[in-house]
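Reproduced below: start.cif, with mmCIF, C-alpha atoms.
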```
data_final
#
loop_
_atom_site.label_atom_id
_atom_site.label_comp_id
_atom_site.auth_asym_id
_atom_site.auth_seq_id
_atom_site.Cartn_x
_atom_site.Cartn_y
_atom_site.Cartn_z
CA MET E 21 -41.25 -82.87 -54.80
CA LYS E 22 -44.43 -81.12 -53.74
CA ARG E 23 -46.10 -84.40 -52.93
CA LEU E 24 -43.10 -85.46 -50.86
CA LEU E 25 -43.25 -82.22 -48.88
CA PHE E 26 -46.88 -82.89 -48.09
CA ALA E 27 -46.20 -86.50 -47.11
CA LEU E 28 -43.26 -85.73 -44.84
CA PRO E 29 -45.16 -84.03 -41.96
CA VAL E 30 -47.92 -86.64 -42.23
CA ALA E 31 -45.36 -89.44 -41.99
CA LEU E 32 -43.68 -87.72 -39.01
CA PHE E 33 -47.02 -87.30 -37.28
CA GLY E 34 -47.81 -90.96 -37.93
CA ALA E 35 -44.46 -91.98 -36.44
CA LEU E 36 -45.20 -89.89 -33.35
CA ILE E 37 -48.59 -91.55 -32.94
CA VAL E 38 -47.01 -95.01 -33.15
CA PHE E 39 -44.33 -93.95 -30.64
CA PHE E 40 -46.80 -92.50 -28.12
CA GLY E 41 -49.22 -95.38 -28.70
CA TYR E 42 -46.44 -97.80 -27.83
CA GLY E 43 -45.72 -95.73 -24.72
CA LEU E 44 -49.33 -96.12 -23.59
CA THR E 45 -49.03 -99.90 -23.64
CA GLN E 46 -46.07 -99.79 -21.25
CA ASP E 47 -46.67 -99.99 -17.50
CA PRO E 48 -44.74 -97.07 -15.95
CA SER E 49 -44.63 -98.84 -12.56
CA HIS E 50 -42.33 -101.45 -14.11
CA ILE E 51 -38.98 -99.90 -13.47
CA PRO E 52 -36.32 -101.73 -15.48
CA SER E 53 -33.82 -103.47 -13.22
CA ILE E 54 -30.21 -102.46 -13.65
CA LEU E 55 -29.10 -105.75 -12.11
CA ILE E 56 -29.81 -107.77 -15.26
CA ASP E 57 -26.70 -109.77 -16.21
CA LYS E 58 -24.92 -108.51 -13.12
CA PRO E 59 -23.95 -110.54 -10.05
CA LEU E 60 -26.41 -110.51 -7.18
CA PRO E 61 -25.31 -107.88 -4.61
CA GLN E 62 -23.54 -109.35 -1.57
CA PHE E 63 -25.75 -110.18 1.39
CA ASP E 64 -25.97 -112.76 4.14
CA LEU E 65 -29.15 -112.71 6.19
CA PRO E 66 -30.53 -114.70 9.12
CA GLY E 67 -33.68 -116.79 8.86
CA LEU E 68 -37.05 -116.02 10.44
CA ASP E 69 -35.96 -117.51 13.77
CA ALA E 70 -32.97 -119.15 15.44
CA THR E 71 -33.92 -122.65 14.27
CA SER E 72 -34.39 -121.85 10.57
CA PRO E 73 -31.23 -120.89 8.69
CA GLY E 74 -31.29 -117.89 6.38
CA PHE E 75 -29.12 -117.58 3.32
CA GLY E 76 -26.78 -115.29 1.50
CA THR E 77 -25.35 -114.64 -1.93
CA ALA E 78 -23.24 -117.82 -1.59
CA VAL E 79 -26.20 -120.19 -2.21
CA PHE E 80 -26.59 -118.79 -5.73
CA GLY E 81 -23.19 -120.01 -6.90
CA SER E 82 -20.30 -117.88 -8.07
CA PRO E 83 -18.35 -117.24 -11.28
CA VAL E 84 -16.11 -120.20 -10.38
CA ALA E 85 -18.54 -122.58 -8.69
CA ARG E 86 -21.57 -123.23 -10.84
CA GLY E 87 -24.84 -124.20 -9.22
CA GLU E 88 -28.44 -124.72 -10.25
CA PRO E 89 -30.37 -121.66 -11.52
CA LYS E 90 -32.70 -120.43 -8.79
CA LEU E 91 -35.58 -118.10 -8.09
CA LEU E 92 -35.36 -115.39 -5.46
CA ASN E 93 -38.83 -114.22 -4.50
CA VAL E 94 -39.26 -111.02 -2.49
CA PHE E 95 -42.37 -111.14 -0.30
CA ALA E 96 -43.85 -109.73 2.91
CA SER E 97 -46.74 -110.61 5.19
CA TRP E 98 -48.15 -107.07 4.70
CA CYS E 99 -48.11 -107.38 0.92
CA ALA E 100 -51.56 -107.34 -0.67
CA ALA E 101 -50.66 -109.16 -3.89
CA CYS E 102 -48.56 -111.89 -2.24
CA PRO E 103 -51.46 -114.20 -1.20
CA GLN E 104 -52.60 -114.03 -4.82
CA GLU E 105 -49.19 -115.24 -5.96
CA HIS E 106 -48.75 -117.81 -3.22
CA PRO E 107 -50.46 -120.85 -4.84
CA MET E 108 -48.29 -120.28 -7.92
CA LEU E 109 -45.14 -120.37 -5.76
CA GLY E 110 -46.34 -123.66 -4.26
CA ARG E 111 -46.72 -125.07 -7.75
CA ILE E 112 -43.26 -123.86 -8.80
CA ALA E 113 -41.65 -125.39 -5.70
CA ALA E 114 -43.54 -128.64 -6.33
CA GLU E 115 -41.97 -128.78 -9.81
CA GLY E 116 -38.60 -128.98 -8.10
CA VAL E 117 -37.38 -125.43 -8.75
CA PRO E 118 -35.18 -124.08 -5.93
CA LEU E 119 -37.20 -121.15 -4.58
CA PHE E 120 -35.62 -118.77 -2.09
CA GLY E 121 -37.64 -116.17 -0.21
CA LEU E 122 -36.59 -112.71 0.93
CA ASP E 123 -38.96 -111.46 3.62
CA TRP E 124 -38.66 -107.72 3.02
CA LYS E 125 -39.48 -104.85 5.42
CA ASP E 126 -41.35 -107.34 7.58
CA GLN E 127 -41.35 -108.65 11.14
CA PRO E 128 -40.13 -112.29 11.23
CA ASP E 129 -43.00 -113.28 13.57
CA ALA E 130 -45.60 -111.78 11.23
CA ALA E 131 -44.04 -113.64 8.30
CA LYS E 132 -44.03 -116.92 10.26
CA ALA E 133 -47.72 -116.57 11.11
CA TRP E 134 -48.47 -115.71 7.48
CA LEU E 135 -46.58 -118.76 6.16
CA ALA E 136 -48.17 -121.01 8.80
CA GLN E 137 -51.53 -119.99 7.37
CA LEU E 138 -50.73 -120.19 3.64
CA GLY E 139 -47.98 -122.81 3.58
CA ASN E 140 -44.27 -122.38 3.02
CA PRO E 141 -43.06 -122.97 -0.56
CA TYR E 142 -39.51 -121.71 0.11
CA ALA E 143 -36.36 -123.81 0.33
CA ARG E 144 -35.02 -121.13 2.64
CA ILE E 145 -36.10 -117.71 3.82
CA ALA E 146 -33.90 -114.71 4.59
CA SER E 147 -35.26 -112.02 6.87
CA ASP E 148 -34.66 -108.39 5.86
CA PRO E 149 -36.65 -106.25 8.32
CA GLY E 150 -34.34 -103.26 7.75
CA ALA E 151 -35.04 -103.36 4.00
CA ARG E 152 -31.38 -102.81 3.10
CA THR E 153 -30.85 -106.01 1.12
CA GLY E 154 -34.04 -105.35 -0.82
CA ILE E 155 -32.83 -101.83 -1.58
CA ASP E 156 -29.44 -103.22 -2.71
CA LEU E 157 -31.44 -105.41 -5.10
CA GLY E 158 -33.39 -102.39 -6.37
CA VAL E 159 -36.70 -103.74 -5.05
CA THR E 160 -39.49 -101.20 -5.52
CA GLY E 161 -42.36 -103.24 -4.11
CA VAL E 162 -43.50 -106.76 -3.32
CA PRO E 163 -43.78 -109.28 -4.81
CA GLU E 164 -40.79 -109.29 -7.11
CA THR E 165 -38.93 -112.35 -8.35
CA PHE E 166 -35.37 -112.58 -9.61
CA VAL E 167 -34.15 -115.36 -11.87
CA VAL E 168 -30.55 -116.04 -10.80
CA ASP E 169 -28.33 -118.23 -12.99
CA GLY E 170 -25.88 -120.88 -11.78
CA HIS E 171 -23.09 -118.32 -11.46
CA GLY E 172 -25.06 -116.04 -9.17
CA ARG E 173 -25.93 -113.52 -11.87
CA VAL E 174 -29.38 -111.95 -12.10
CA ARG E 175 -30.86 -112.77 -15.50
CA TYR E 176 -34.43 -111.55 -15.20
CA LYS E 177 -36.72 -109.71 -12.82
CA GLN E 178 -40.45 -110.29 -12.61
CA ILE E 179 -42.34 -107.36 -11.09
CA GLY E 180 -45.64 -108.19 -9.44
CA PRO E 181 -47.24 -111.60 -8.84
CA ILE E 182 -46.19 -114.51 -11.06
CA THR E 183 -49.23 -115.62 -13.04
CA ALA E 184 -49.61 -119.10 -14.54
CA ASP E 185 -48.92 -117.42 -17.90
CA ASP E 186 -45.70 -115.77 -16.66
CA TRP E 187 -44.51 -119.10 -15.32
CA GLU E 188 -45.31 -121.19 -18.39
CA LYS E 189 -44.24 -118.68 -21.04
CA THR E 190 -41.35 -116.81 -19.45
CA LEU E 191 -39.87 -118.10 -16.21
CA LYS E 192 -39.98 -121.85 -16.76
CA PRO E 193 -38.45 -121.79 -20.30
CA MET E 194 -35.81 -119.38 -19.01
CA LEU E 195 -34.84 -121.73 -16.17
CA VAL E 196 -34.61 -124.64 -18.61
CA ARG E 197 -32.38 -122.56 -20.87
CA LEU E 198 -30.16 -121.48 -17.97
CA ARG E 199 -29.83 -125.07 -16.78
CA ASN E 200 -28.56 -126.09 -20.23
CA GLU E 201 -26.24 -123.11 -20.50
CA ALA E 202 -22.54 -123.80 -20.22
CA MET H 56 -58.50 -59.71 16.74
CA ARG H 57 -59.35 -63.32 16.09
CA ILE H 58 -58.99 -62.79 12.35
CA VAL H 59 -55.57 -61.23 12.87
CA ALA H 60 -54.52 -64.17 15.02
CA ALA H 61 -55.76 -66.59 12.37
CA LEU H 62 -53.84 -64.72 9.64
CA VAL H 63 -50.68 -64.69 11.72
CA ALA H 64 -51.10 -68.42 12.36
CA LEU H 65 -51.45 -68.97 8.61
CA LEU H 66 -48.33 -66.93 7.95
CA ILE H 67 -46.15 -68.86 10.37
CA ALA H 68 -47.57 -72.29 9.52
CA ALA H 69 -45.05 -74.38 7.60
CA PRO H 70 -46.29 -76.63 4.82
CA GLY H 71 -46.48 -80.31 5.77
CA PHE H 72 -43.29 -82.16 4.99
CA ALA H 73 -42.90 -85.90 4.55
CA VAL H 74 -39.58 -85.68 6.35
CA THR H 75 -40.21 -86.57 9.99
CA PRO H 76 -38.23 -84.94 12.80
CA SER H 77 -36.66 -88.30 13.72
CA GLU H 78 -35.06 -88.53 10.29
CA GLN H 79 -33.53 -85.07 10.35
CA LEU H 80 -29.85 -84.61 10.97
CA LYS H 81 -28.64 -82.40 13.82
CA ASP H 82 -26.14 -80.65 11.57
CA PRO H 83 -28.20 -78.05 9.64
CA VAL H 84 -25.69 -77.94 6.77
CA LEU H 85 -25.83 -81.71 6.22
CA GLU H 86 -29.61 -81.67 6.63
CA ALA H 87 -29.92 -78.93 3.99
CA ARG H 88 -27.76 -80.99 1.61
CA ALA H 89 -29.88 -84.08 2.32
CA ARG H 90 -33.05 -82.11 1.58
CA ALA H 91 -31.64 -80.79 -1.68
CA ILE H 92 -30.56 -84.29 -2.78
CA SER H 93 -33.89 -85.85 -1.75
CA ALA H 94 -35.81 -83.30 -3.81
CA GLY H 95 -34.16 -84.70 -6.95
CA ILE H 96 -34.67 -88.40 -6.17
CA ARG H 97 -37.77 -90.10 -7.52
CA CYS H 98 -39.85 -92.12 -5.11
CA VAL H 99 -39.86 -95.52 -6.82
CA VAL H 100 -43.26 -96.38 -5.34
CA CYS H 101 -45.19 -93.22 -6.21
CA GLN H 102 -42.96 -92.23 -9.15
CA ASN H 103 -43.90 -88.61 -9.78
CA GLN H 104 -43.07 -87.47 -6.28
CA SER H 105 -39.61 -86.91 -4.94
CA ILE H 106 -38.60 -88.91 -1.87
CA ASP H 107 -38.58 -85.58 -0.04
CA ASP H 108 -42.32 -85.23 -0.70
CA SER H 109 -43.43 -88.83 -0.38
CA ASP H 110 -44.89 -90.57 2.64
CA ALA H 111 -44.20 -94.04 1.22
CA PRO H 112 -42.20 -96.26 3.61
CA LEU H 113 -39.58 -96.94 0.93
CA ALA H 114 -39.14 -93.17 0.40
CA HIS H 115 -38.46 -92.90 4.13
CA ASP H 116 -35.81 -95.64 3.86
CA LEU H 117 -34.14 -93.87 0.93
CA ARG H 118 -34.14 -90.53 2.80
CA VAL H 119 -32.45 -92.23 5.73
CA ILE H 120 -29.88 -93.79 3.36
CA VAL H 121 -29.10 -90.39 1.79
CA ARG H 122 -28.48 -88.96 5.28
CA GLU H 123 -26.33 -91.94 6.29
CA ARG H 124 -24.16 -91.48 3.23
CA LEU H 125 -23.69 -87.78 3.98
CA VAL H 126 -22.84 -88.46 7.62
CA ALA H 127 -20.33 -91.07 6.42
CA GLY H 128 -18.63 -88.27 4.47
CA ALA H 129 -19.98 -88.87 0.97
CA THR H 130 -20.21 -85.96 -1.45
CA ASP H 131 -23.64 -85.09 -2.88
CA ALA H 132 -22.72 -86.83 -6.12
CA GLN H 133 -21.61 -89.97 -4.26
CA ALA H 134 -24.83 -90.10 -2.23
CA VAL H 135 -26.88 -89.82 -5.42
CA GLN H 136 -24.70 -92.43 -7.15
CA TYR H 137 -25.36 -94.87 -4.28
CA LEU H 138 -29.05 -94.84 -5.18
CA VAL H 139 -28.44 -94.81 -8.95
CA ASP H 140 -26.29 -97.96 -8.50
CA ARG H 141 -29.36 -99.70 -7.06
CA TYR H 142 -32.30 -98.28 -8.95
CA GLY H 143 -30.69 -96.96 -12.13
CA SER H 144 -30.88 -93.40 -13.44
CA TYR H 145 -34.65 -93.85 -13.22
CA VAL H 146 -34.46 -92.56 -9.62
CA LEU H 147 -33.27 -89.19 -10.86
CA LEU H 148 -36.17 -86.83 -11.45
CA LYS H 149 -34.00 -84.92 -13.92
CA PRO H 150 -33.01 -87.40 -16.64
CA PRO H 151 -29.25 -87.44 -17.26
CA LEU H 152 -27.83 -87.37 -20.80
CA GLU H 153 -27.08 -90.99 -21.69
CA PRO H 154 -27.74 -93.25 -24.69
CA ALA H 155 -31.24 -94.20 -23.51
CA THR H 156 -32.28 -90.55 -23.10
CA MET H 157 -30.83 -89.17 -26.35
CA ALA H 158 -34.26 -89.02 -27.99
CA LEU H 159 -35.66 -87.19 -24.97
CA TRP H 160 -32.92 -84.55 -25.04
CA PHE H 161 -32.51 -84.07 -28.76
CA ALA H 162 -35.99 -84.64 -30.20
CA PRO H 163 -37.06 -81.02 -29.42
CA LEU H 164 -33.95 -79.74 -31.22
CA ALA H 165 -34.68 -82.04 -34.18
CA PHE H 166 -38.23 -80.70 -34.38
CA VAL H 167 -37.01 -77.08 -34.33
CA VAL H 168 -34.50 -77.83 -37.11
CA LEU H 169 -37.07 -79.69 -39.23
CA GLY H 170 -39.73 -77.05 -38.68
CA GLY H 171 -37.23 -74.26 -39.37
CA ALA H 172 -36.18 -75.93 -42.63
CA GLY H 173 -39.85 -76.17 -43.63
CA VAL H 174 -40.44 -72.49 -42.89
CA VAL H 175 -37.31 -71.41 -44.79
CA TYR H 176 -38.33 -73.51 -47.77
CA TYR H 177 -41.86 -72.07 -47.77
CA ILE H 178 -40.71 -68.46 -47.51
CA ARG H 179 -38.11 -68.88 -50.27
CA ARG H 180 -40.65 -70.44 -52.62
CA ARG H 181 -43.11 -67.62 -52.03
CA ALA H 182 -40.42 -65.00 -52.56
CA SER H 183 -39.27 -66.57 -55.86
CA ALA H 184 -42.88 -66.83 -57.10
CA ALA H 185 -43.41 -63.13 -56.40
CA THR H 186 -40.40 -61.86 -58.36
CA VAL H 187 -41.18 -60.98 -61.97
CA ALA H 188 -39.01 -62.44 -64.67
CA PRO H 189 -36.97 -59.74 -66.47
CA LEU H 190 -38.28 -58.64 -69.87
CA SER H 191 -36.78 -60.17 -72.93
CA ALA H 192 -35.25 -57.80 -75.48
CA ALA H 193 -38.19 -58.32 -77.88
CA ASP H 194 -40.74 -57.63 -75.13
CA ALA H 195 -38.84 -54.51 -74.07
CA ALA H 196 -38.85 -53.23 -77.61
CA ALA H 197 -42.60 -53.91 -77.95
CA ALA H 198 -43.29 -52.12 -74.68
CA ASP H 199 -41.18 -49.14 -75.79
CA ALA H 200 -43.11 -48.98 -79.03
CA LEU H 201 -46.41 -48.95 -77.14
CA LEU H 202 -45.19 -46.21 -74.83
CA ARG H 203 -44.09 -44.09 -77.76
CA GLN H 204 -47.51 -44.52 -79.43
CA ASP H 205 -49.16 -43.24 -76.27
CA ARG H 206 -47.10 -40.09 -76.25
CA ILE H 207 -48.21 -39.10 -79.74
#
```
Step by step, read the file and then write its structure as structure tokens.
Amino acid sequence: MKRLLFALPVALFGALIVFFGYGLTQDPSHIPSILIDKPLPQFDLPGLDATSPGFGTAVFGSPVARGEPKLLNVFASWCAACPQEHPMLGRIAAEGVPLFGLDWKDQPDAAKAWLAQLGNPYARIASDPGARTGIDLGVTGVPETFVVDGHGRVRYKQIGPITADDWEKTLKPMLVRLRNEA
Amino acid sequence: MRIVAALVALLIAAPGFAVTPSEQLKDPVLEARARAISAGIRCVVCQNQSIDDSDAPLAHDLRVIVRERLVAGATDAQAVQYLVDRYGSYVLLKPPLEPATMALWFAPLAFVVLGGAGVVYYIRRRASAATVAPLSAADAAAADALLRQDRI
């Protein structure tokens, strides 16, 4: 009994250390998305100019009409980490994954100049200079990437640039799984 | 005189606010409500500032949204809910009571209860150790005999 009483506070303290230690490994800037497993919020945005069409929620499929799983990448020409991610997006698009871009809180002309310089990996781009669509999506910064399944539901959100590791270990297997999903 | 002027200037100087005049609503009542709501909304970019304090562009957008909701006739709770629907309860600087925050709300209580139980146990044990066991009949008789001897 006495030994147990001595061990109890020690065990509790140990549990606290594990708990706080785990907390230290978490990045507090990664705010969990509440959109996971929910349909993408409704939007329909123009493209960067009159000749390039934008897109809306409809391209991601619906509960009744099933499409291909897709990536929705939020970017901006003013974003510091986006050029770092850009080659990875080119690689993803080259692998045949439908990649849609949301140009967030940005001037269409600035985005066009930026893409002319770095290349355009996107199937289509939607322009959101007023930031409202991004806010509806719960975007906290750029870049962010949503994995959207064939029924237009958000299944995963990547915060920050996609690294080769993120692509190989997380996003790509997830897309394969979603493609095979009923 | 100059010192007095400087002191007066200090007294009337308002602290710098992130809220710019262009954002503010003409209706002082609505504006006051918007300020009160904004003070409780976390800036999702800078995290430990409220959107009322933050200069981040996204904080500006969220302040404008709060004001738009109020102008559109939303109650305070509805305006807050609009942001919670998009960013989750994470945007609230005061964490609400929900399954994910149970540990946060009740851990202090659990520690008080556990600690209190420990203290009670310790005190009881000390008190029981201090009490003397009553004398057995034989011991009492022996003690009586000794006392009687002394008196002689």
Problem - Result set of the PyMOL selection byres ((chain H) within 6 of (chain E)) on the coordinates above, as a list in words - result: Val99, Arg141, Tyr142 and Gly143 of chain H
Report as a compact mmCIF listing (two decimals) with C-alpha atoms, in the coordinates of the input all protein, DNA and RNA residues lying within 12 Å of Glu201 (chain E), evaluated on all atoms listed in the file, omitting residues in the same chain fewer than 3 positions from it.
```txt
# COMPACT_ATOMS: atom_id res chain seq x y z
CA ARG E 86 -21.57 -123.23 -10.84
CA GLY E 87 -24.84 -124.20 -9.22
CA GLU E 88 -28.44 -124.72 -10.25
CA PRO E 89 -30.37 -121.66 -11.52
CA ASP E 169 -28.33 -118.23 -12.99
CA GLY E 170 -25.88 -120.88 -11.78
CA HIS E 171 -23.09 -118.32 -11.46
CA MET E 194 -35.81 -119.38 -19.01
CA LEU E 195 -34.84 -121.73 -16.17
CA VAL E 196 -34.61 -124.64 -18.61
CA ARG E 197 -32.38 -122.56 -20.87
CA LEU E 198 -30.16 -121.48 -17.97
```
For region 111-113 of chain E: contacts at 12 Å, all atoms listed in the file, fewer than 5 positions along chain excluded, given as an mmCIF file with C-alpha atoms, keeping the file's coordinate frame:
```
data_model
loop_
_atom_site.group_PDB
_atom_site.id
_atom_site.type_symbol
_atom_site.label_atom_id
_atom_site.label_comp_id
_atom_site.auth_asym_id
_atom_site.auth_seq_id
_atom_site.Cartn_x
_atom_site.Cartn_y
_atom_site.Cartn_z
ATOM 1 C CA LYS E 90 -32.700 -120.430 -8.790
ATOM 2 C CA LEU E 91 -35.580 -118.100 -8.090
ATOM 3 C CA LEU E 92 -35.360 -115.390 -5.460
ATOM 4 C CA ASN E 93 -38.830 -114.220 -4.500
ATOM 5 C CA GLU E 105 -49.190 -115.240 -5.960
ATOM 6 C CA HIS E 106 -48.750 -117.810 -3.220
ATOM 7 C CA PRO E 118 -35.180 -124.080 -5.930
ATOM 8 C CA LEU E 119 -37.200 -121.150 -4.580
ATOM 9 C CA PHE E 120 -35.620 -118.770 -2.090
ATOM 10 C CA GLY E 121 -37.640 -116.170 -0.210
ATOM 11 C CA GLY E 139 -47.980 -122.810 3.580
ATOM 12 C CA ASN E 140 -44.270 -122.380 3.020
ATOM 13 C CA PRO E 141 -43.060 -122.970 -0.560
ATOM 14 C CA TYR E 142 -39.510 -121.710 0.110
ATOM 15 C CA ALA E 143 -36.360 -123.810 0.330
ATOM 16 C CA ARG E 144 -35.020 -121.130 2.640
ATOM 17 C CA ILE E 182 -46.190 -114.510 -11.060
ATOM 18 C CA THR E 183 -49.230 -115.620 -13.040
ATOM 19 C CA ALA E 184 -49.610 -119.100 -14.540
ATOM 20 C CA ASP E 186 -45.700 -115.770 -16.660
ATOM 21 C CA TRP E 187 -44.510 -119.100 -15.320
ATOM 22 C CA GLU E 188 -45.310 -121.190 -18.390
ATOM 23 C CA LEU E 191 -39.870 -118.100 -16.210
ATOM 24 C CA LYS E 192 -39.980 -121.850 -16.760
ATOM 25 C CA LEU E 195 -34.840 -121.730 -16.170
#
```
Practice item. One decimal, Å: what's the distance from CA of Val121 (chain H) over to CA of Pro163 (chain E), could you say? Key: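 Going from CA of Val121 (chain H) over to CA of Pro163 (chain E) covers 24.8 Å.
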Since I can't run it myself right now, could you work out what the PyMOL selection byres ((chain H and resi 97) around 9) selects here and report it as a VMD selection string? chain H and resid 93 to 96 98 to 107 114 145 to 148
* Asked: Written as a ChimeraX atom specification, what is the full residue list that the PyMOL selection byres ((chain H and resi 124) around 12) yields on the file shown?
  -> /H:80,85-86,88-89,92,117-123,125-138
One decimal place gives the CA of Asp110 (chain H)-CA of Ala73 (chain H) separation as 5.4 Å
